[in-house]
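Shown here: upload_38.pdb, PDB, C-alpha atoms.
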ATOM      1  CA  MET A   1     -38.433   8.871   4.869  1.00  0.00           C
ATOM      2  CA  ARG A   2     -35.652   6.896   3.185  1.00  0.00           C
ATOM      3  CA  THR A   3     -33.795   7.956   0.105  1.00  0.00           C
ATOM      4  CA  LEU A   4     -32.343   5.189  -2.016  1.00  0.00           C
ATOM      5  CA  PRO A   5     -29.735   6.095  -4.597  1.00  0.00           C
ATOM      6  CA  ALA A   6     -30.274   5.036  -8.195  1.00  0.00           C
ATOM      7  CA  ALA A   7     -26.610   4.163  -8.512  1.00  0.00           C
ATOM      8  CA  VAL A   8     -23.580   3.790  -6.270  1.00  0.00           C
ATOM      9  CA  LEU A   9     -19.967   3.871  -7.401  1.00  0.00           C
ATOM     10  CA  LEU A  10     -17.648   1.847  -5.187  1.00  0.00           C
ATOM     11  CA  THR A  11     -13.933   1.588  -5.683  1.00  0.00           C
ATOM     12  CA  LEU A  12     -12.182  -1.474  -4.309  1.00  0.00           C
ATOM     13  CA  LEU A  13      -8.468  -1.002  -3.878  1.00  0.00           C
ATOM     14  CA  CYS A  14      -6.948  -4.451  -3.697  1.00  0.00           C
ATOM     15  CA  VAL A  15      -3.264  -4.420  -2.799  1.00  0.00           C
ATOM     16  CA  GLY A  16      -0.920  -7.190  -1.792  1.00  0.00           C
ATOM     17  CA  ALA A  17       1.782  -7.425   0.829  1.00  0.00           C
ATOM     18  CA  GLN A  18       5.318  -7.367  -0.419  1.00  0.00           C
ATOM     19  CA  GLY A  19       7.071 -10.670  -0.726  1.00  0.00           C
ATOM     20  CA  GLY A  20      10.780 -11.064  -0.272  1.00  0.00           C
ATOM     21  CA  SER A  21      11.272 -12.669  -3.668  1.00  0.00           C
ATOM     22  CA  HIS A  22       9.800 -12.731  -7.141  1.00  0.00           C
ATOM     23  CA  ALA A  23       7.870 -15.854  -6.097  1.00  0.00           C
ATOM     24  CA  GLY A  24       6.384 -13.822  -3.241  1.00  0.00           C
ATOM     25  CA  VAL A  25       5.359 -11.108  -5.691  1.00  0.00           C
ATOM     26  CA  ARG A  26       3.596 -13.655  -7.902  1.00  0.00           C
ATOM     27  CA  ALA A  27       1.836 -15.085  -4.846  1.00  0.00           C
ATOM     28  CA  ASP A  28       0.698 -11.595  -3.842  1.00  0.00           C
ATOM     29  CA  ALA A  29      -0.683 -10.929  -7.338  1.00  0.00           C
ATOM     30  CA  ALA A  30      -2.537 -14.256  -7.199  1.00  0.00           C
ATOM     31  CA  ARG A  31      -3.895 -13.398  -3.740  1.00  0.00           C
ATOM     32  CA  MET A  32      -5.105 -10.003  -4.959  1.00  0.00           C
ATOM     33  CA  GLN A  33      -6.945 -11.762  -7.785  1.00  0.00           C
ATOM     34  CA  GLN A  34      -8.494 -14.179  -5.274  1.00  0.00           C
ATOM     35  CA  VAL A  35      -9.815 -11.251  -3.230  1.00  0.00           C
ATOM     36  CA  PHE A  36     -11.231  -9.580  -6.348  1.00  0.00           C
ATOM     37  CA  ASP A  37     -12.862 -12.863  -7.417  1.00  0.00           C
ATOM     38  CA  ALA A  38     -14.363 -13.341  -3.921  1.00  0.00           C
ATOM     39  CA  VAL A  39     -15.865  -9.832  -4.001  1.00  0.00           C
ATOM     40  CA  GLN A  40     -17.357 -10.525  -7.437  1.00  0.00           C
ATOM     41  CA  ALA A  41     -18.833 -13.821  -6.194  1.00  0.00           C
ATOM     42  CA  ALA A  42     -20.369 -12.109  -3.143  1.00  0.00           C
ATOM     43  CA  ALA A  43     -21.836  -9.416  -5.410  1.00  0.00           C
ATOM     44  CA  ALA A  44     -23.327 -12.108  -7.654  1.00  0.00           C
ATOM     45  CA  ASP A  45     -24.981 -13.677  -4.596  1.00  0.00           C
ATOM     46  CA  LEU A  46     -26.412 -10.303  -3.546  1.00  0.00           C
ATOM     47  CA  SER A  47     -27.578  -9.680  -7.089  1.00  0.00           C
ATOM     48  CA  ARG A  48     -29.498 -12.973  -7.143  1.00  0.00           C
ATOM     49  CA  GLN A  49     -30.912 -12.363  -3.669  1.00  0.00           C
ATOM     50  CA  TYR A  50     -31.978  -8.729  -4.080  1.00  0.00           C
ATOM     51  CA  GLY A  51     -32.050  -8.119  -7.839  1.00  0.00           C
ATOM     52  CA  THR A  52     -29.326  -5.498  -7.552  1.00  0.00           C
ATOM     53  CA  ARG A  53     -27.055  -5.062 -10.558  1.00  0.00           C
ATOM     54  CA  PHE A  54     -23.278  -4.960 -10.081  1.00  0.00           C
ATOM     55  CA  ASP A  55     -20.822  -3.978 -12.806  1.00  0.00           C
ATOM     56  CA  PHE A  56     -17.098  -4.543 -12.372  1.00  0.00           C
ATOM     57  CA  ALA A  57     -14.215  -2.931 -14.206  1.00  0.00           C
ATOM     58  CA  GLU A  58     -10.715  -4.012 -13.314  1.00  0.00           C
ATOM     59  CA  ILE A  59      -8.208  -1.202 -13.730  1.00  0.00           C
ATOM     60  CA  ASP A  60      -4.489  -0.586 -13.239  1.00  0.00           C
ATOM     61  CA  THR A  61      -3.447  -4.208 -13.402  1.00  0.00           C
ATOM     62  CA  ALA A  62      -0.391  -3.648 -15.576  1.00  0.00           C
ATOM     63  CA  SER A  63       2.022  -3.396 -12.649  1.00  0.00           C
ATOM     64  CA  PRO A  64       2.366  -6.413 -10.379  1.00  0.00           C
ATOM     65  CA  PRO A  65       3.377  -5.839  -6.751  1.00  0.00           C
ATOM     66  CA  ALA A  66       7.090  -5.140  -6.410  1.00  0.00           C
ATOM     67  CA  PRO A  67       9.023  -5.851  -3.211  1.00  0.00           C
ATOM     68  CA  THR A  68      11.237  -3.179  -1.740  1.00  0.00           C
ATOM     69  CA  ASP A  69      14.901  -3.974  -1.199  1.00  0.00           C
ATOM     70  CA  PRO A  70      15.724  -5.716   2.121  1.00  0.00           C
ATOM     71  CA  ALA A  71      18.968  -3.737   2.528  1.00  0.00           C
ATOM     72  CA  VAL A  72      17.136  -0.436   2.027  1.00  0.00           C
ATOM     73  CA  ARG A  73      14.443  -1.506   4.500  1.00  0.00           C
ATOM     74  CA  ASP A  74      17.166  -2.397   7.025  1.00  0.00           C
ATOM     75  CA  LEU A  75      18.921   0.947   6.494  1.00  0.00           C
ATOM     76  CA  ILE A  76      15.673   2.882   7.025  1.00  0.00           C
ATOM     77  CA  ALA A  77      14.962   0.925  10.216  1.00  0.00           C
ATOM     78  CA  ALA A  78      18.506   1.524  11.492  1.00  0.00           C
ATOM     79  CA  THR A  79      18.170   5.229  10.724  1.00  0.00           C
ATOM     80  CA  ALA A  80      14.885   5.485  12.641  1.00  0.00           C
ATOM     81  CA  GLU A  81      16.513   3.702  15.603  1.00  0.00           C
ATOM     82  CA  LYS A  82      19.566   5.977  15.474  1.00  0.00           C
ATOM     83  CA  LEU A  83      17.278   9.014  15.543  1.00  0.00           C
ATOM     84  CA  GLY A  84      15.379   7.565  18.502  1.00  0.00           C
ATOM     85  CA  TYR A  85      12.097   7.164  16.606  1.00  0.00           C
ATOM     86  CA  SER A  86       9.771   4.227  16.929  1.00  0.00           C
ATOM     87  CA  TYR A  87       9.069   2.374  13.705  1.00  0.00           C
ATOM     88  CA  ARG A  88       7.238  -0.617  12.338  1.00  0.00           C
ATOM     89  CA  ARG A  89       8.155  -2.663   9.299  1.00  0.00           C
ATOM     90  CA  MET A  90       5.107  -2.674   7.078  1.00  0.00           C
ATOM     91  CA  PRO A  91       4.432  -4.368   3.774  1.00  0.00           C
ATOM     92  CA  SER A  92       2.837  -2.231   1.092  1.00  0.00           C
ATOM     93  CA  GLY A  93       1.491  -3.394  -2.204  1.00  0.00           C
ATOM     94  CA  ALA A  94      -0.069  -0.087  -3.122  1.00  0.00           C
ATOM     95  CA  GLY A  95       0.695   1.516  -6.455  1.00  0.00           C
ATOM     96  CA  HIS A  96       3.259   4.028  -5.252  1.00  0.00           C
ATOM     97  CA  ASP A  97       6.074   5.300  -7.483  1.00  0.00           C
ATOM     98  CA  ALA A  98       8.318   2.889  -5.606  1.00  0.00           C
ATOM     99  CA  GLN A  99       6.437   0.026  -7.264  1.00  0.00           C
ATOM    100  CA  ASP A 100       7.808   1.050 -10.654  1.00  0.00           C
ATOM    101  CA  LEU A 101      11.230   2.078  -9.371  1.00  0.00           C
ATOM    102  CA  ALA A 102      11.716  -1.259  -7.565  1.00  0.00           C
ATOM    103  CA  THR A 103      12.011  -2.976 -10.941  1.00  0.00           C
ATOM    104  CA  ILE A 104      15.147  -0.966 -11.807  1.00  0.00           C
ATOM    105  CA  THR A 105      16.810   0.094  -8.545  1.00  0.00           C
ATOM    106  CA  PRO A 106      16.903  -0.774  -4.823  1.00  0.00           C
ATOM    107  CA  THR A 107      13.872   0.894  -3.291  1.00  0.00           C
ATOM    108  CA  GLY A 108      12.363   1.479   0.140  1.00  0.00           C
ATOM    109  CA  MET A 109       9.428   3.388   1.563  1.00  0.00           C
ATOM    110  CA  ILE A 110       8.927   5.465   4.690  1.00  0.00           C
ATOM    111  CA  PHE A 111       5.398   5.745   6.047  1.00  0.00           C
ATOM    112  CA  VAL A 112       4.359   8.177   8.753  1.00  0.00           C
ATOM    113  CA  PRO A 113       1.423   7.455  11.063  1.00  0.00           C
ATOM    114  CA  SER A 114      -2.006   8.900  10.375  1.00  0.00           C
ATOM    115  CA  VAL A 115      -4.161   9.769  13.364  1.00  0.00           C
ATOM    116  CA  GLY A 116      -6.495   6.875  14.095  1.00  0.00           C
ATOM    117  CA  GLY A 117      -4.863   4.810  11.359  1.00  0.00           C
ATOM    118  CA  ILE A 118      -7.077   6.496   8.759  1.00  0.00           C
ATOM    119  CA  SER A 119      -5.353   6.603   5.390  1.00  0.00           C
ATOM    120  CA  HIS A 120      -6.356   7.486   1.825  1.00  0.00           C
ATOM    121  CA  SER A 121      -9.451   9.286   3.084  1.00  0.00           C
ATOM    122  CA  PRO A 122     -10.564  12.908   3.443  1.00  0.00           C
ATOM    123  CA  GLU A 123     -10.429  12.292   7.208  1.00  0.00           C
ATOM    124  CA  GLU A 124      -6.717  11.380   7.075  1.00  0.00           C
ATOM    125  CA  PHE A 125      -4.508  13.571   9.248  1.00  0.00           C
ATOM    126  CA  THR A 126      -0.830  13.350  10.112  1.00  0.00           C
ATOM    127  CA  SER A 127       0.747  15.727  12.604  1.00  0.00           C
ATOM    128  CA  ALA A 128       3.459  18.127  11.518  1.00  0.00           C
ATOM    129  CA  GLU A 129       5.770  16.474  14.041  1.00  0.00           C
ATOM    130  CA  ASP A 130       5.314  13.029  12.473  1.00  0.00           C
ATOM    131  CA  ILE A 131       5.810  14.474   8.992  1.00  0.00           C
ATOM    132  CA  ALA A 132       9.047  16.105  10.180  1.00  0.00           C
ATOM    133  CA  ARG A 133      10.212  12.808  11.706  1.00  0.00           C
ATOM    134  CA  GLY A 134       9.519  10.996   8.430  1.00  0.00           C
ATOM    135  CA  ALA A 135      11.426  13.665   6.498  1.00  0.00           C
ATOM    136  CA  SER A 136      14.322  13.370   8.943  1.00  0.00           C
ATOM    137  CA  VAL A 137      14.430   9.581   8.493  1.00  0.00           C
ATOM    138  CA  LEU A 138      14.421  10.110   4.717  1.00  0.00           C
ATOM    139  CA  LEU A 139      17.235  12.685   4.838  1.00  0.00           C
ATOM    140  CA  HIS A 140      19.442  10.626   7.140  1.00  0.00           C
ATOM    141  CA  SER A 141      18.756   7.432   5.174  1.00  0.00           C
ATOM    142  CA  ILE A 142      19.856   9.139   1.950  1.00  0.00           C
ATOM    143  CA  LEU A 143      22.985  10.481   3.665  1.00  0.00           C
ATOM    144  CA  ALA A 144      23.782   7.002   5.015  1.00  0.00           C
ATOM    145  CA  MET A 145      23.365   5.507   1.527  1.00  0.00           C
ATOM    146  CA  ASP A 146      25.645   8.165   0.118  1.00  0.00           C
ATOM    147  CA  ASP A 147      28.258   7.502   2.793  1.00  0.00           C
ATOM    148  CA  ALA A 148      28.123   3.779   1.970  1.00  0.00           C
ATOM    149  CA  GLN A 149      28.983   4.484  -1.671  1.00  0.00           C
TER     150      GLN A 149
END
Represent the structure from my file as structure tokens, please.
Amino acid sequence: MRTLPAAVLLTLLCVGAQGGSHAGVRADAARMQQVFDAVQAAAADLSRQYGTRFDFAEIDTASPPAPTDPAVRDLIAATAEKLGYSYRRMPSGAGHDAQDLATITPTGMIFVPSVGGISHSPEEFTSAEDIARGASVLLHSILAMDDAQ
């Protein structure tokens, strides 16, 4: 026997990669809108095909993507290398606090790996060792910034 839900709530988190300039940020915001528009168009097709109703509500669009500072990114990478940790430069367009701070001060972000790459999910797990490595990179990056002052 199948059970079909009367309603389904789906959240689409559409984030853009960080650009290296304000032009890159505008391009990312435009790309995010393109993705949202494409999802709406696909839903409209499904609605016509199957008679399923889709309602969309766009939220949290007040803050455009904000690039992190190249010098801060370089310092974080150098710190990870100095500590002997592997690292990967990764763009992030998610709505972290850094997104707001980047508009007023040089900003960077440190991500730690989640097992299986699963993030923002109840199944997400990061080992204590990786959390400690991320905290160590943060501490030593802050100390290096302070020394540079």
field: Between CA of Ile142 (chain A) and CA of Ala80 (chain A), distance in Å (one decimal)
entry: 12.3 Å
List the spatial neighbours of Asp69 (chain A) as a compact mmCIF listing (two decimals) with C-alpha atoms, in the coordinates of the input - criterion: any atom at most 7 Å away, all atoms listed in the file, same-chain residues fewer than 6 positions off excluded.
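Written output follows (result.txt):
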# COMPACT_ATOMS: atom_id res chain seq x y z
CA PRO A 106 16.90 -0.77 -4.82
CA THR A 107 13.87 0.89 -3.29
CA GLY A 108 12.36 1.48 0.14
Output as AutoDock Vina command-line options the centre and edge lengths (Å, one decimal) of the box along x, y and z of the file that holds every listed atom of region 104-123 of chain A after adding 3 Å on each side.
--center_x 3.2 --center_y 6.0 --center_z 1.1 --size_x 33.5 --size_y 19.9 --size_z 31.9
- request: Would you please work out which residue, of A:Leu75, A:Ala44, A:Ser86, A:Phe36, is nearest to Glu58 (chain A) when using only C-alpha atoms?
  value: A:Phe36
- request: Report as a list in words the full result of the PyMOL selection byres ((chain A and resi 131-141) around 8) when it is applied to this structure.
  value: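 Written out, the selection comes to Leu75, Ile76, Thr79, Ala80, Leu83, Tyr85, Ile110, Phe111, Val112, Thr126, Ser127, Ala128, Glu129, Asp130, Ile142, Leu143, Ala144 and Met145 of chain A.
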- prompt: Out of A:Ala38, A:Leu9, A:Met90, A:Leu4, which residue has the shortest atom-to-atom distance to Arg73 (chain A) when counting only C-alpha atoms?
  reply: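 Smallest distance to Arg73 (chain A) is found for A:Met90.
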query: What separation in Å, quoted to one decimal, exists between CA of Arg31 (chain A) and CA of His96 (chain A)?
result: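 CA of Arg31 (chain A) sits 18.9 Å away from CA of His96 (chain A).
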query: How many Å separate CA of Glu124 (chain A) from CA of Tyr87 (chain A)?
result: 19.3 Å
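You can rank A:Pro67, A:Asp55, A:Pro113, A:Gln149 by their closest distance to Arg88 (chain A) using all atoms listed in the file, and at the top of that list sits A:Pro113.
Of the listed residues (A:Thr52, A:Ser47, A:Gln33, A:Thr105), A:Thr105 comes nearest to Ala71 (chain A); the distances count only C-alpha atoms.
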